[in-house]
Every structure is written in C-alpha cells, then in structure tokens.
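S.K.: Sharing start.txt here; it has compact mmCIF, C-alpha atoms.
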# COMPACT_ATOMS: atom_id res chain seq x y z
CA MET A 1 0.00 0.00 0.00
CA GLN A 2 1.82 3.03 -1.30
CA ALA A 3 0.54 5.57 1.25
CA LEU A 4 1.89 3.50 4.14
CA ILE A 5 5.22 2.84 2.39
CA ASP A 6 5.61 6.56 1.63
CA ARG A 7 4.92 7.39 5.27
CA ILE A 8 7.50 4.87 6.51
CA VAL A 9 10.06 6.34 4.10
CA ARG A 10 9.25 9.86 5.33
CA ASP A 11 8.77 9.37 9.08
CA GLY A 12 10.02 5.86 9.95
CA LYS A 13 13.43 5.39 11.53
CA ASN A 14 15.74 2.40 11.28
CA LEU A 15 17.17 2.19 14.82
CA GLY A 16 19.42 -0.77 13.99
CA ASN A 17 19.10 -4.44 14.99
CA GLY A 18 15.99 -4.70 12.84
CA ILE A 19 14.06 -2.21 14.96
CA LEU A 20 11.80 0.08 12.96
CA LYS A 21 10.49 3.13 14.75
CA VAL A 22 7.04 4.18 13.57
CA ASP A 23 6.05 6.00 16.77
CA GLY A 24 5.04 9.10 14.85
CA PHE A 25 2.05 7.53 13.10
CA ILE A 26 1.36 4.03 14.50
CA ASN A 27 2.89 3.12 17.89
CA HIS A 28 2.61 6.23 20.08
CA GLN A 29 1.15 8.99 17.95
CA VAL A 30 -1.48 7.67 15.55
CA ASP A 31 -2.49 9.25 12.24
CA PRO A 32 -6.22 8.49 12.10
CA ALA A 33 -6.57 9.17 8.36
CA LEU A 34 -3.72 6.80 7.49
CA MET A 35 -5.06 4.21 9.91
CA ASP A 36 -8.50 4.50 8.33
CA ALA A 37 -7.00 4.01 4.86
CA CYS A 38 -5.16 0.91 6.11
CA GLY A 39 -8.36 -0.46 7.63
CA LYS A 40 -10.17 0.13 4.36
CA GLU A 41 -7.43 -1.72 2.45
CA PHE A 42 -7.52 -4.69 4.87
CA ALA A 43 -11.30 -4.78 4.48
CA ARG A 44 -10.90 -4.90 0.70
CA ARG A 45 -8.32 -7.69 0.84
CA PHE A 46 -10.24 -9.80 3.38
CA ASN A 47 -13.76 -9.06 2.21
CA HIS A 48 -14.11 -12.60 0.80
CA VAL A 49 -12.98 -14.64 3.85
CA GLY A 50 -16.28 -14.48 5.77
CA ALA A 51 -14.82 -13.25 9.06
CA THR A 52 -17.17 -12.79 12.00
CA LYS A 53 -14.64 -11.25 14.38
CA ILE A 54 -11.38 -9.29 14.28
CA LEU A 55 -8.74 -10.37 16.80
CA THR A 56 -5.68 -8.39 17.81
CA ALA A 57 -3.31 -7.90 20.74
CA GLU A 58 -3.05 -4.81 22.91
CA ILE A 59 -1.55 -2.26 22.54
CA SER A 60 -0.43 -1.29 19.08
CA GLY A 61 -2.75 -3.65 17.23
CA ILE A 62 -5.84 -1.84 18.48
CA ALA A 63 -5.82 1.08 16.03
CA PRO A 64 -5.50 -0.90 12.75
CA ALA A 65 -7.83 -3.64 14.05
CA LEU A 66 -10.46 -1.06 14.96
CA THR A 67 -10.40 0.68 11.58
CA THR A 68 -10.54 -2.68 9.79
CA ALA A 69 -13.48 -3.65 11.98
CA GLN A 70 -15.22 -0.39 11.09
CA HIS A 71 -14.93 -1.12 7.38
CA LEU A 72 -15.99 -4.77 7.70
CA GLY A 73 -18.76 -4.03 10.22
CA LEU A 74 -17.41 -6.58 12.72
CA PRO A 75 -16.62 -6.52 16.44
CA VAL A 76 -12.96 -6.51 17.45
CA VAL A 77 -11.44 -8.27 20.46
CA TYR A 78 -8.02 -7.30 21.75
CA ALA A 79 -6.12 -9.88 23.78
CA ARG A 80 -5.07 -8.43 27.15
CA LYS A 81 -1.55 -8.80 28.51
CA HIS A 82 -2.70 -8.49 32.12
CA LYS A 83 -5.94 -10.01 33.37
CA PRO A 84 -8.25 -7.18 34.47
CA ILE A 85 -10.48 -7.57 37.52
CA THR A 86 -13.52 -7.54 35.26
CA MET A 87 -12.49 -10.79 33.55
CA PRO A 88 -13.78 -14.17 34.79
CA ASP A 89 -11.37 -16.63 36.45
CA GLN A 90 -11.56 -19.09 33.56
CA VAL A 91 -9.82 -17.57 30.55
CA PHE A 92 -7.95 -18.49 27.38
CA LEU A 93 -4.29 -17.73 28.06
CA THR A 94 -1.14 -18.34 26.08
CA LEU A 95 2.48 -17.27 26.53
CA SER A 96 4.26 -15.43 23.78
CA PRO A 97 7.87 -14.22 23.54
CA SER A 98 7.97 -10.48 22.86
CA HIS A 99 10.79 -9.53 20.53
CA THR A 100 10.69 -5.83 21.40
CA LYS A 101 10.28 -6.37 25.15
CA GLY A 102 12.82 -9.17 25.47
CA ARG A 103 10.56 -11.25 27.72
CA ILE A 104 7.57 -13.56 27.72
CA VAL A 105 4.17 -11.87 27.77
CA GLU A 106 0.75 -13.34 28.45
CA LEU A 107 -2.05 -13.03 25.90
CA ILE A 108 -5.45 -13.43 27.53
CA ILE A 109 -8.97 -13.58 26.08
CA SER A 110 -12.21 -14.05 27.93
CA PRO A 111 -14.32 -16.96 26.65
CA GLU A 112 -17.24 -14.52 26.78
CA TYR A 113 -16.00 -12.85 23.59
CA LEU A 114 -14.42 -15.63 21.55
CA ALA A 115 -16.60 -18.68 20.96
CA GLY A 116 -16.50 -21.83 18.90
CA GLY A 117 -17.91 -21.22 15.45
CA GLU A 118 -16.41 -17.75 15.14
CA ARG A 119 -14.41 -17.01 11.97
CA VAL A 120 -11.42 -15.00 13.12
CA LEU A 121 -9.39 -12.46 11.14
CA ILE A 122 -6.19 -11.46 12.97
CA ILE A 123 -4.93 -7.89 12.43
CA ASP A 124 -1.74 -6.55 14.02
CA ASP A 125 0.74 -3.74 13.50
CA PHE A 126 3.81 -5.89 12.77
CA LEU A 127 4.49 -9.29 11.27
CA ALA A 128 8.11 -9.91 12.29
CA THR A 129 8.98 -13.24 13.95
CA GLY A 130 5.28 -14.12 13.93
CA ALA A 131 5.34 -15.05 17.61
CA THR A 132 2.57 -12.70 18.77
CA ILE A 133 0.32 -13.61 15.85
CA LEU A 134 0.94 -17.31 16.46
CA GLY A 135 -0.09 -16.74 20.08
CA LEU A 136 -3.36 -15.21 18.87
CA VAL A 137 -3.84 -18.20 16.55
CA ARG A 138 -3.45 -20.58 19.52
CA LEU A 139 -6.07 -18.60 21.47
CA ALA A 140 -8.50 -18.76 18.55
CA GLN A 141 -7.91 -22.52 18.15
CA THR A 142 -8.36 -23.10 21.89
CA ALA A 143 -11.69 -21.30 21.68
CA GLY A 144 -12.75 -23.61 18.85
CA ALA A 145 -12.82 -20.71 16.39
CA THR A 146 -11.68 -20.92 12.77
CA LEU A 147 -8.81 -18.75 11.58
CA VAL A 148 -9.64 -17.18 8.20
CA GLY A 149 -6.86 -14.63 7.62
CA ILE A 150 -3.91 -12.70 8.98
CA GLY A 151 -3.11 -9.06 8.22
CA ALA A 152 -0.25 -6.84 9.36
CA LEU A 153 0.46 -3.22 8.61
CA ILE A 154 4.20 -3.84 8.27
CA GLU A 155 5.98 -7.10 7.51
CA LYS A 156 9.70 -7.60 8.06
CA THR A 157 10.38 -10.52 5.74
CA PHE A 158 13.89 -11.09 7.13
CA GLU A 159 12.49 -12.20 10.50
CA GLY A 160 10.69 -15.21 9.05
CA GLY A 161 7.19 -14.77 10.44
CA ARG A 162 5.39 -15.61 7.20
CA ALA A 163 7.16 -19.00 7.01
CA LEU A 164 6.17 -19.73 10.62
CA LEU A 165 2.50 -19.06 9.78
CA ALA A 166 2.38 -20.65 6.29
CA HIS A 167 1.16 -24.06 7.57
CA LEU A 168 -2.06 -22.42 8.75
CA GLY A 169 -3.21 -22.23 5.14
CA VAL A 170 -4.91 -18.85 5.37
CA PRO A 171 -4.24 -15.66 3.38
CA ILE A 172 -1.52 -13.51 4.94
CA GLU A 173 -1.51 -9.87 3.86
CA SER A 174 0.86 -7.07 4.77
CA LEU A 175 0.45 -3.49 3.60
CA ALA A 176 4.16 -2.61 3.61
CA CYS A 177 6.74 -5.33 3.16
CA ILE A 178 10.29 -4.58 4.31
CA THR A 179 12.96 -6.92 2.98
CA SER A 180 16.09 -5.44 4.52
CA MET A 181 17.15 -2.98 7.23
CA GLU A 182 20.91 -3.28 6.81
CA GLY A 183 22.83 -0.15 7.80
CA ASP A 184 20.44 2.75 8.05
CA GLN A 185 18.43 1.72 4.99
CA ILE A 186 14.84 0.50 4.79
CA LEU A 187 14.27 -1.57 1.65
CA PHE A 188 10.78 -2.55 0.50
CA ALA A 189 9.60 -5.47 -1.63
CA PRO A 190 8.79 -4.29 -5.17
CA MET B 1 -25.69 9.99 24.74
CA GLN B 2 -28.63 7.63 24.63
CA ALA B 3 -27.04 4.89 22.47
CA LEU B 4 -24.19 4.46 24.96
CA ILE B 5 -26.52 4.54 27.97
CA ASP B 6 -28.78 1.94 26.33
CA ARG B 7 -25.78 -0.30 25.68
CA ILE B 8 -24.57 -0.03 29.29
CA VAL B 9 -28.07 -0.93 30.49
CA ARG B 10 -28.17 -3.91 28.12
CA ASP B 11 -24.60 -5.27 28.33
CA GLY B 12 -22.87 -3.55 31.24
CA LYS B 13 -22.47 -5.34 34.56
CA ASN B 14 -22.24 -3.86 38.03
CA LEU B 15 -19.62 -6.07 39.71
CA GLY B 16 -19.89 -4.29 43.05
CA ASN B 17 -17.48 -1.86 44.76
CA GLY B 18 -18.17 0.67 42.02
CA ILE B 19 -16.71 -1.55 39.31
CA LEU B 20 -18.58 -1.37 36.01
CA LYS B 21 -17.82 -4.11 33.51
CA VAL B 22 -18.12 -2.92 29.92
CA ASP B 23 -15.77 -5.55 28.44
CA GLY B 24 -18.32 -6.55 25.80
CA PHE B 25 -18.20 -3.25 23.89
CA ILE B 26 -15.36 -1.02 25.24
CA ASN B 27 -12.62 -2.67 27.33
CA HIS B 28 -11.90 -6.03 25.69
CA GLN B 29 -14.33 -6.50 22.83
CA VAL B 30 -14.98 -3.20 21.04
CA ASP B 31 -18.11 -2.31 19.06
CA PRO B 32 -16.69 -0.17 16.24
CA ALA B 33 -20.05 1.36 15.24
CA LEU B 34 -20.79 2.46 18.81
CA MET B 35 -17.23 3.75 19.21
CA ASP B 36 -17.56 5.70 15.97
CA ALA B 37 -20.82 7.25 17.17
CA CYS B 38 -19.13 8.23 20.45
CA GLY B 39 -16.21 9.79 18.56
CA LYS B 40 -18.66 11.73 16.40
CA GLU B 41 -20.46 13.00 19.50
CA PHE B 42 -17.18 14.07 21.17
CA ALA B 43 -16.22 15.85 17.94
CA ARG B 44 -19.55 17.72 18.00
CA ARG B 45 -19.16 18.74 21.64
CA PHE B 46 -15.52 19.81 21.32
CA ASN B 47 -15.62 21.25 17.82
CA HIS B 48 -15.31 24.80 19.21
CA VAL B 49 -12.26 24.36 21.49
CA GLY B 50 -9.60 24.58 18.77
CA ALA B 51 -7.76 21.39 19.70
CA THR B 52 -4.64 20.47 17.73
CA LYS B 53 -4.06 17.06 19.32
CA ILE B 54 -6.01 14.33 21.11
CA LEU B 55 -4.31 12.82 24.15
CA THR B 56 -5.27 9.56 25.86
CA ALA B 57 -3.74 6.74 27.91
CA GLU B 58 -3.19 3.19 26.75
CA ILE B 59 -5.01 0.84 26.69
CA SER B 60 -8.74 1.42 26.82
CA GLY B 61 -8.60 5.08 25.89
CA ILE B 62 -7.24 4.30 22.43
CA ALA B 63 -10.51 3.32 20.74
CA PRO B 64 -12.62 6.36 21.71
CA ALA B 65 -9.65 8.72 21.24
CA LEU B 66 -9.03 7.34 17.75
CA THR B 67 -12.63 7.71 16.59
CA THR B 68 -12.77 11.24 18.04
CA ALA B 69 -9.53 12.04 16.21
CA GLN B 70 -11.04 10.69 12.98
CA HIS B 71 -14.01 13.03 13.26
CA LEU B 72 -11.93 16.08 14.24
CA GLY B 73 -9.14 15.33 11.73
CA LEU B 74 -6.43 15.46 14.42
CA PRO B 75 -3.53 13.20 15.42
CA VAL B 76 -3.90 11.22 18.65
CA VAL B 77 -1.13 10.41 21.12
CA TYR B 78 -1.54 7.65 23.68
CA ALA B 79 0.59 7.83 26.81
CA ARG B 80 2.54 4.60 27.27
CA LYS B 81 2.68 2.78 30.61
CA HIS B 82 6.03 1.17 29.81
CA LYS B 83 8.77 2.96 27.93
CA PRO B 84 9.35 1.16 24.60
CA ILE B 85 12.87 0.81 23.18
CA THR B 86 11.92 3.15 20.35
CA MET B 87 11.42 6.09 22.74
CA PRO B 88 14.24 8.55 23.48
CA ASP B 89 15.84 8.63 26.95
CA GLN B 90 14.41 12.04 27.76
CA VAL B 91 10.64 11.72 28.20
CA PHE B 92 7.70 13.29 29.96
CA LEU B 93 6.74 10.91 32.78
CA THR B 94 4.25 11.13 35.59
CA LEU B 95 3.02 8.66 38.18
CA SER B 96 -0.66 7.95 38.52
CA PRO B 97 -2.54 5.72 40.96
CA SER B 98 -4.65 3.17 39.08
CA HIS B 99 -7.96 2.52 40.78
CA THR B 100 -8.65 -0.72 38.91
CA LYS B 101 -5.09 -2.04 39.18
CA GLY B 102 -4.55 -1.10 42.82
CA ARG B 103 -1.06 0.25 42.15
CA ILE B 104 0.87 3.19 40.77
CA VAL B 105 1.36 3.22 37.00
CA GLU B 106 3.68 5.35 34.89
CA LEU B 107 2.31 7.54 32.10
CA ILE B 108 4.99 8.37 29.55
CA ILE B 109 4.96 10.62 26.48
CA SER B 110 7.81 11.31 24.11
CA PRO B 111 8.58 15.04 23.67
CA GLU B 112 8.68 14.27 19.93
CA TYR B 113 4.88 14.12 19.85
CA LEU B 114 3.73 16.67 22.42
CA ALA B 115 5.17 20.14 22.06
CA GLY B 116 4.64 23.56 23.57
CA GLY B 117 1.91 25.43 21.71
CA GLU B 118 -0.25 22.33 21.19
CA ARG B 119 -3.91 22.60 22.24
CA VAL B 120 -4.73 19.29 23.88
CA LEU B 121 -8.10 17.54 24.13
CA ILE B 122 -8.00 14.57 26.53
CA ILE B 123 -10.31 11.63 25.72
CA ASP B 124 -10.53 8.53 27.91
CA ASP B 125 -12.92 5.67 28.56
CA PHE B 126 -13.72 6.45 32.20
CA LEU B 127 -13.85 9.54 34.39
CA ALA B 128 -13.94 8.04 37.90
CA THR B 129 -11.50 9.40 40.50
CA GLY B 130 -9.94 11.53 37.77
CA ALA B 131 -6.43 10.36 38.66
CA THR B 132 -5.45 9.09 35.19
CA ILE B 133 -6.85 12.15 33.45
CA LEU B 134 -5.05 14.43 35.95
CA GLY B 135 -1.84 12.54 35.10
CA LEU B 136 -2.41 13.29 31.41
CA VAL B 137 -3.04 16.95 32.30
CA ARG B 138 0.32 17.10 34.13
CA LEU B 139 2.07 15.63 31.08
CA ALA B 140 0.44 18.22 28.80
CA GLN B 141 1.38 21.04 31.17
CA THR B 142 4.98 19.77 31.45
CA ALA B 143 5.19 19.82 27.65
CA GLY B 144 4.04 23.43 27.66
CA ALA B 145 0.82 22.52 25.88
CA THR B 146 -2.57 24.07 26.64
CA LEU B 147 -5.42 21.89 27.86
CA VAL B 148 -8.64 22.74 26.04
CA GLY B 149 -11.08 20.00 27.05
CA ILE B 150 -11.68 16.65 28.73
CA GLY B 151 -14.04 13.95 27.48
CA ALA B 152 -14.89 10.54 28.91
CA LEU B 153 -17.23 7.88 27.59
CA ILE B 154 -18.50 7.03 31.07
CA GLU B 155 -18.44 9.18 34.19
CA LYS B 156 -19.00 7.81 37.68
CA THR B 157 -20.05 10.95 39.52
CA PHE B 158 -19.80 9.27 42.94
CA GLU B 159 -16.01 8.97 42.63
CA GLY B 160 -15.46 12.72 42.49
CA GLY B 161 -13.29 13.07 39.39
CA ARG B 162 -15.12 16.08 38.00
CA ALA B 163 -14.53 18.04 41.22
CA LEU B 164 -10.81 17.16 41.08
CA LEU B 165 -10.57 18.55 37.54
CA ALA B 166 -12.88 21.57 37.91
CA HIS B 167 -10.05 24.01 38.74
CA LEU B 168 -8.62 23.45 35.26
CA GLY B 169 -11.38 25.62 33.82
CA VAL B 170 -11.97 23.58 30.66
CA PRO B 171 -15.17 21.91 29.42
CA ILE B 172 -15.60 18.38 30.80
CA GLU B 173 -17.98 16.15 28.85
CA SER B 174 -19.10 12.61 29.54
CA LEU B 175 -21.39 10.63 27.25
CA ALA B 176 -22.96 8.47 29.97
CA CYS B 177 -23.12 9.77 33.51
CA ILE B 178 -23.61 7.20 36.27
CA THR B 179 -24.72 8.59 39.62
CA SER B 180 -25.02 5.43 41.68
CA MET B 181 -24.05 1.76 41.60
CA GLU B 182 -25.54 0.70 44.93
CA GLY B 183 -26.56 -2.96 45.08
CA ASP B 184 -26.73 -4.33 41.54
CA GLN B 185 -28.27 -1.18 40.08
CA ILE B 186 -26.74 1.27 37.63
CA LEU B 187 -28.41 4.67 37.89
CA PHE B 188 -27.84 7.40 35.30
CA ALA B 189 -28.11 11.18 35.59
CA PRO B 190 -31.30 12.42 33.94
Can I see the file as structure tokens?
M.R.:
Amino acid sequence: MQALIDRIVRDGKNLGNGILKVDGFINHQVDPALMDACGKEFARRFNHVGATKILTAEISGIAPALTTAQHLGLPVVYARKHKPITMPDQVFLTLSPSHTKGRIVELIISPEYLAGGERVLIIDDFLATGATILGLVRLAQTAGATLVGIGALIEKTFEGGRALLAHLGVPIESLACITSMEGDQILFAP
Amino acid sequence: MQALIDRIVRDGKNLGNGILKVDGFINHQVDPALMDACGKEFARRFNHVGATKILTAEISGIAPALTTAQHLGLPVVYARKHKPITMPDQVFLTLSPSHTKGRIVELIISPEYLAGGERVLIIDDFLATGATILGLVRLAQTAGATLVGIGALIEKTFEGGRALLAHLGVPIESLACITSMEGDQILFAP
C-alpha cells in the first residue's frame, strides 16, 4: 500500500538491529486518516474470507484492528496482557515471547467474547517473527474458532514470520513489506 | 448519549465496589459502530475548542480517542505505561494511581509528539476518581501545551473526578453519567 510505504520512508526510523520506529504515526502517535485508509485496504483484501470477528493484541494492534473492523462491520477483540479484575477466572491464556520487550508476555482472552464457530481475522501492526500472531492463533484454536486470515500493517520478511505461519493455510496480507534494514536503509519489496 | 446509555443498560455489569464491567463493547471487545458514534459526539461537543491534538492513555482510551480524532481530523497520542525501546531517553513521565489495578502506574509521552503550543483535548474511557486524566493533564502542562477540554465515555459521579478537575477551567464532557451503583443497580443522571 503506497501511502503506508511513503509514510514509513518519510517518518520511519531504522534504529538498527531490525528495529523500525514508527512512533510518529502508529505506535505512540497515531495518524487516524492513514489508519482508516489501512483499515479500508484490509477490508478490501479480506472481504471474501467471511470473518465474524477481528482479533488483535493490545496495545499497538488496536488502532488498525479497529479501523478494519469499522470497514468490515465486525466486532474486534483485543487480547489483554494483564488479566483485568472484570475478567472471569476461567480464561484463554497463552504465553508469547515479545521480541521488542525481550521477555515472555501473556495473551489473555475471555471466553465470553471468543466462541466456537467464530471465523477470526487477525490484524496486528507488525508481522516480524510471527510469535505474537501465532499466540493469537493458539487462542483462537483453543476457543474452537476458525482462523480465516492474517493481516499486518508492516511485515519484516527477514524475521521469518510468514514462514512460521504458512502451515495455517490462510491468506496472509501485509500493507508494507520490508525486505532489509541493513545499515540505516529500509528496503521494501517491489 | 442515549445509544451508549442503552448499551450499558443492556450489556454492562455492576460487579460491586463501584466496578462497572463494559468488556463486551469497550474494554476487551470493542463495538466499532458504537465507538464511531461516540467519537462523532465528542467531535460535535468539542468542535469549538480549537484542539490540535487528542491525548489519551493506553489501553482502553485508544478506541474512543481514535474515533474522536477521525471526526476532528487530528492526530492522537496515547501515553505509554512502559517505555518502549523506540522512545528517546528524555521523556515526559508522571506517576498515577490506578484505581482498577490497585497500584501506581507510569504515564509516559515522548517530547517528539507533544510540544509547547499544542492545544490538547483529553479523551478517555472512564472519568472516575480523575487520577489518570489528571496525570495526562500534568504531562500536557509539562510539555508546555494548553489543555482545552476533557471527554470521557462514562463518568461515575460518585467517585469525584469532576470536582478534582474543575479548577482546570476547561469543558468536561461525559457521554454516559452514572450517579449510583448501589446494590446491583446502575443509575444514570437524567
């Protein structure tokens, strides 16, 4: 998606070690018009998969998942990383290594909002190692739901996430696909 | 706002001790159409204040802040509770007691995205004790920005937040105003 690529080129920063800073429009400050355009594009690409629910992980997945949900007319559930006091004692919980935090995080969903029979479209900000998305897939499977697609704003192909998720047999879409971050460059797939 | 009140009546749960569970449409599962309507209503109420930026706190403030930002055509910044590796060493940080977490949390904003001269509209999910919102106000003031308004989806008048914020002299708007949660009831202001 050219508008997102252009924005990464303009305002993204390669901090080294494969870390892309997009805090100015996705991860801290959010550009609502860009996020709406991304949601519209995800809706176009996943219109045919028959999703009944969007699933994401707090925190940075919320904005793109919400705008996608707006365009598809579906509810969105964001997995919590800490169980709030409003959640029942029996939950779906999985552990997921966080690349950017350097530790294991919990991903928690209440069975109240993810049921068997649901058709789940996962939307997140990054597809890098695929670990967080795979954690969301495990939660959906535990709930008895069917995974129907995976979308990420930004894919870093050199971290191998797509290969990790390929066996799931669902469409995987990214709106900006980065193939290399050697030096201070950011190279995109053609 | 009647649509939000109706939804709280239908799907909200009074868990006792003043805790209102709205996980089915705000805090875990999000209803994008309702959230869009709330953002539109905030935009209508705050259209005159000349805001240049929406400010909120992760996690549950993101959805209503984003939809408000969409309708006002403004960027939104969400204060982080943990400093990510992409943030510079010099940040705006304040401590805020979290009612629902029973501990002190950090609220952190990068100076890159909140500058002197900004006119800040704060949007959050709840106005209860007002502690989180007051933390956001301190961050805005530290940045040299001007506070121009405060909006919350749900206000619990019996927790005194509005009185705590009154000295700020800005419009405070809530879309559903709960006056009592005695027993298992949820009573709204007329």
S.K.: For chain B versus chain A, which residues have an atom no more than 6 Å away, and what is each residue's nearest atom pair and distance in Å rounded to one decimal, using all atoms listed in the file, chain-then-number order, as a tab-separated table?
M.R.:
residue	atom	partner	partner_atom	distance
B:Lys21	CA	A:Thr86	CA	5.8
B:His28	CA	A:Tyr78	CA	5.7
B:Gln29	CA	A:Val77	CA	4.1
B:Val30	CA	A:Val76	CA	5.3
B:Asp31	CA	A:Pro75	CA	5.2
B:Pro32	CA	A:Gln70	CA	5.4
B:Gln70	CA	A:Pro32	CA	5.4
B:Pro75	CA	A:Asp31	CA	5.2
B:Val76	CA	A:Val30	CA	5.3
B:Val77	CA	A:Gln29	CA	4.2
B:Tyr78	CA	A:His28	CA	5.7
B:Thr86	CA	A:Lys21	CA	5.8
S.K.: Please, could you write that set of residues out with C-alpha atoms as a PDB file, keeping the file's coordinate frame?
M.R.:
ATOM      1  CA  LYS B  21     -17.820  -4.110  33.510  1.00  0.00           C
ATOM      2  CA  HIS B  28     -11.900  -6.030  25.690  1.00  0.00           C
ATOM      3  CA  GLN B  29     -14.330  -6.500  22.830  1.00  0.00           C
ATOM      4  CA  VAL B  30     -14.980  -3.200  21.040  1.00  0.00           C
ATOM      5  CA  ASP B  31     -18.110  -2.310  19.060  1.00  0.00           C
ATOM      6  CA  PRO B  32     -16.690  -0.170  16.240  1.00  0.00           C
ATOM      7  CA  GLN B  70     -11.040  10.690  12.980  1.00  0.00           C
ATOM      8  CA  PRO B  75      -3.530  13.200  15.420  1.00  0.00           C
ATOM      9  CA  VAL B  76      -3.900  11.220  18.650  1.00  0.00           C
ATOM     10  CA  VAL B  77      -1.130  10.410  21.120  1.00  0.00           C
ATOM     11  CA  TYR B  78      -1.540   7.650  23.680  1.00  0.00           C
ATOM     12  CA  THR B  86      11.920   3.150  20.350  1.00  0.00           C
TER      13      THR B  86
END
S.K.: So, with only C-alpha atoms as the atoms that count, which of B:Val49, B:Leu107, B:Met1, B:Ile8 lies closest to Gln185 of chain B?
M.R.: B:Ile8
S.K.: In Å, with one decimal, what is the gap from atom CA of Val170 of chain A to atom CA of Ala189 of chain A?
M.R.: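 Separation of atom CA of Val170 of chain A and atom CA of Ala189 of chain A: 20.9 Å.
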S.K.: Would you please work out which residue, of B:Gly50, B:Gly151, B:Gly102, B:Pro111, is nearest to Cys38 of chain B when using all atoms listed in the file?
M.R.: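 Checking each of B:Gly50, B:Gly151, B:Gly102, B:Pro111 against Cys38 of chain B, counting all atoms listed in the file, the winner is B:Gly151.
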S.K.: Need to verify the contact set: Gly169 of chain B, 10 Å, all atoms listed in the file, exclusion of same-chain residues closer than 2 positions in sequence. Can you return it as a PyMOL selection string?
M.R.: chain B and resi 147-149+165-167+171-172
S.K.: Near Ala176 of chain A, counting all atoms listed in the file, which residues have an atom at most 7 Å away, once you skip same-chain residues fewer than 5 positions from it, shown as a list in words?
M.R.: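 Listing them by chain and then by number gives Met1, Leu4, Ile5, Leu153, Ile154 and Glu155 of chain A.
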S.K.: Which centre and edge lengths in Å to one decimal define the box along x, y and z that fits every listed atom of segment 86-95 of chain B plus 5 Å per side, as lines of an AutoDock Vina configuration file?
M.R.:
center_x = 9.4
center_y = 8.2
center_z = 29.3
size_x = 22.8
size_y = 20.1
size_z = 27.8
S.K.: Rebuild all heavy atoms on segment 1-8 of chain A, as an mmCIF file, keeping the file's coordinate frame?
M.R.:
data_model
loop_
_atom_site.group_PDB
_atom_site.id
_atom_site.type_symbol
_atom_site.label_atom_id
_atom_site.label_comp_id
_atom_site.auth_asym_id
_atom_site.auth_seq_id
_atom_site.Cartn_x
_atom_site.Cartn_y
_atom_site.Cartn_z
ATOM 1 N N MET A 1 0.856 -1.187 0.000
ATOM 2 C CA MET A 1 0.000 0.000 0.000
ATOM 3 C C MET A 1 0.895 1.240 0.000
ATOM 4 O O MET A 1 1.630 1.475 0.964
ATOM 5 C CB MET A 1 -0.897 -0.043 1.242
ATOM 6 C CG MET A 1 -1.912 1.079 1.309
ATOM 7 S SD MET A 1 -2.789 0.973 2.886
ATOM 8 C CE MET A 1 -3.277 2.679 3.079
ATOM 9 N N GLN A 2 0.815 1.991 -1.077
ATOM 10 C CA GLN A 2 1.820 3.030 -1.300
ATOM 11 C C GLN A 2 1.798 4.118 -0.227
ATOM 12 O O GLN A 2 2.860 4.611 0.182
ATOM 13 C CB GLN A 2 1.619 3.639 -2.695
ATOM 14 C CG GLN A 2 2.847 4.358 -3.231
ATOM 15 C CD GLN A 2 4.099 3.481 -3.260
ATOM 16 O OE1 GLN A 2 4.047 2.331 -3.703
ATOM 17 N NE2 GLN A 2 5.216 3.992 -2.748
ATOM 18 N N ALA A 3 0.608 4.486 0.253
ATOM 19 C CA ALA A 3 0.540 5.570 1.250
ATOM 20 C C ALA A 3 1.279 5.199 2.530
ATOM 21 O O ALA A 3 1.953 6.034 3.142
ATOM 22 C CB ALA A 3 -0.933 5.889 1.565
ATOM 23 N N LEU A 4 1.180 3.941 2.924
ATOM 24 C CA LEU A 4 1.890 3.500 4.140
ATOM 25 C C LEU A 4 3.393 3.433 3.895
ATOM 26 O O LEU A 4 4.192 3.887 4.739
ATOM 27 C CB LEU A 4 1.353 2.138 4.601
ATOM 28 C CG LEU A 4 2.010 1.549 5.849
ATOM 29 C CD1 LEU A 4 1.868 2.481 7.051
ATOM 30 C CD2 LEU A 4 1.427 0.169 6.164
ATOM 31 N N ILE A 5 3.786 2.893 2.736
ATOM 32 C CA ILE A 5 5.220 2.840 2.390
ATOM 33 C C ILE A 5 5.816 4.252 2.367
ATOM 34 O O ILE A 5 6.871 4.512 2.958
ATOM 35 C CB ILE A 5 5.413 2.124 1.037
ATOM 36 C CG1 ILE A 5 5.024 0.646 1.162
ATOM 37 C CG2 ILE A 5 6.856 2.265 0.544
ATOM 38 C CD1 ILE A 5 4.944 -0.096 -0.153
ATOM 39 N N ASP A 6 5.114 5.166 1.709
ATOM 40 C CA ASP A 6 5.610 6.560 1.630
ATOM 41 C C ASP A 6 5.782 7.155 3.031
ATOM 42 O O ASP A 6 6.748 7.872 3.295
ATOM 43 C CB ASP A 6 4.614 7.424 0.841
ATOM 44 C CG ASP A 6 4.583 7.062 -0.638
ATOM 45 O OD1 ASP A 6 5.478 6.329 -1.091
ATOM 46 O OD2 ASP A 6 3.651 7.516 -1.335
ATOM 47 N N ARG A 7 4.844 6.828 3.919
ATOM 48 C CA ARG A 7 4.920 7.390 5.270
ATOM 49 C C ARG A 7 6.092 6.805 6.051
ATOM 50 O O ARG A 7 6.765 7.522 6.815
ATOM 51 C CB ARG A 7 3.595 7.125 6.011
ATOM 52 C CG ARG A 7 3.458 7.852 7.333
ATOM 53 C CD ARG A 7 3.538 9.379 7.146
ATOM 54 N NE ARG A 7 3.304 10.071 8.392
ATOM 55 C CZ ARG A 7 2.102 10.423 8.847
ATOM 56 N NH1 ARG A 7 1.015 10.192 8.120
ATOM 57 N NH2 ARG A 7 1.968 11.028 10.011
ATOM 58 N N ILE A 8 6.342 5.497 5.852
ATOM 59 C CA ILE A 8 7.500 4.870 6.510
ATOM 60 C C ILE A 8 8.795 5.502 6.004
ATOM 61 O O ILE A 8 9.701 5.816 6.779
ATOM 62 C CB ILE A 8 7.498 3.346 6.272
ATOM 63 C CG1 ILE A 8 6.281 2.703 6.943
ATOM 64 C CG2 ILE A 8 8.786 2.707 6.814
ATOM 65 C CD1 ILE A 8 6.031 1.255 6.525
#
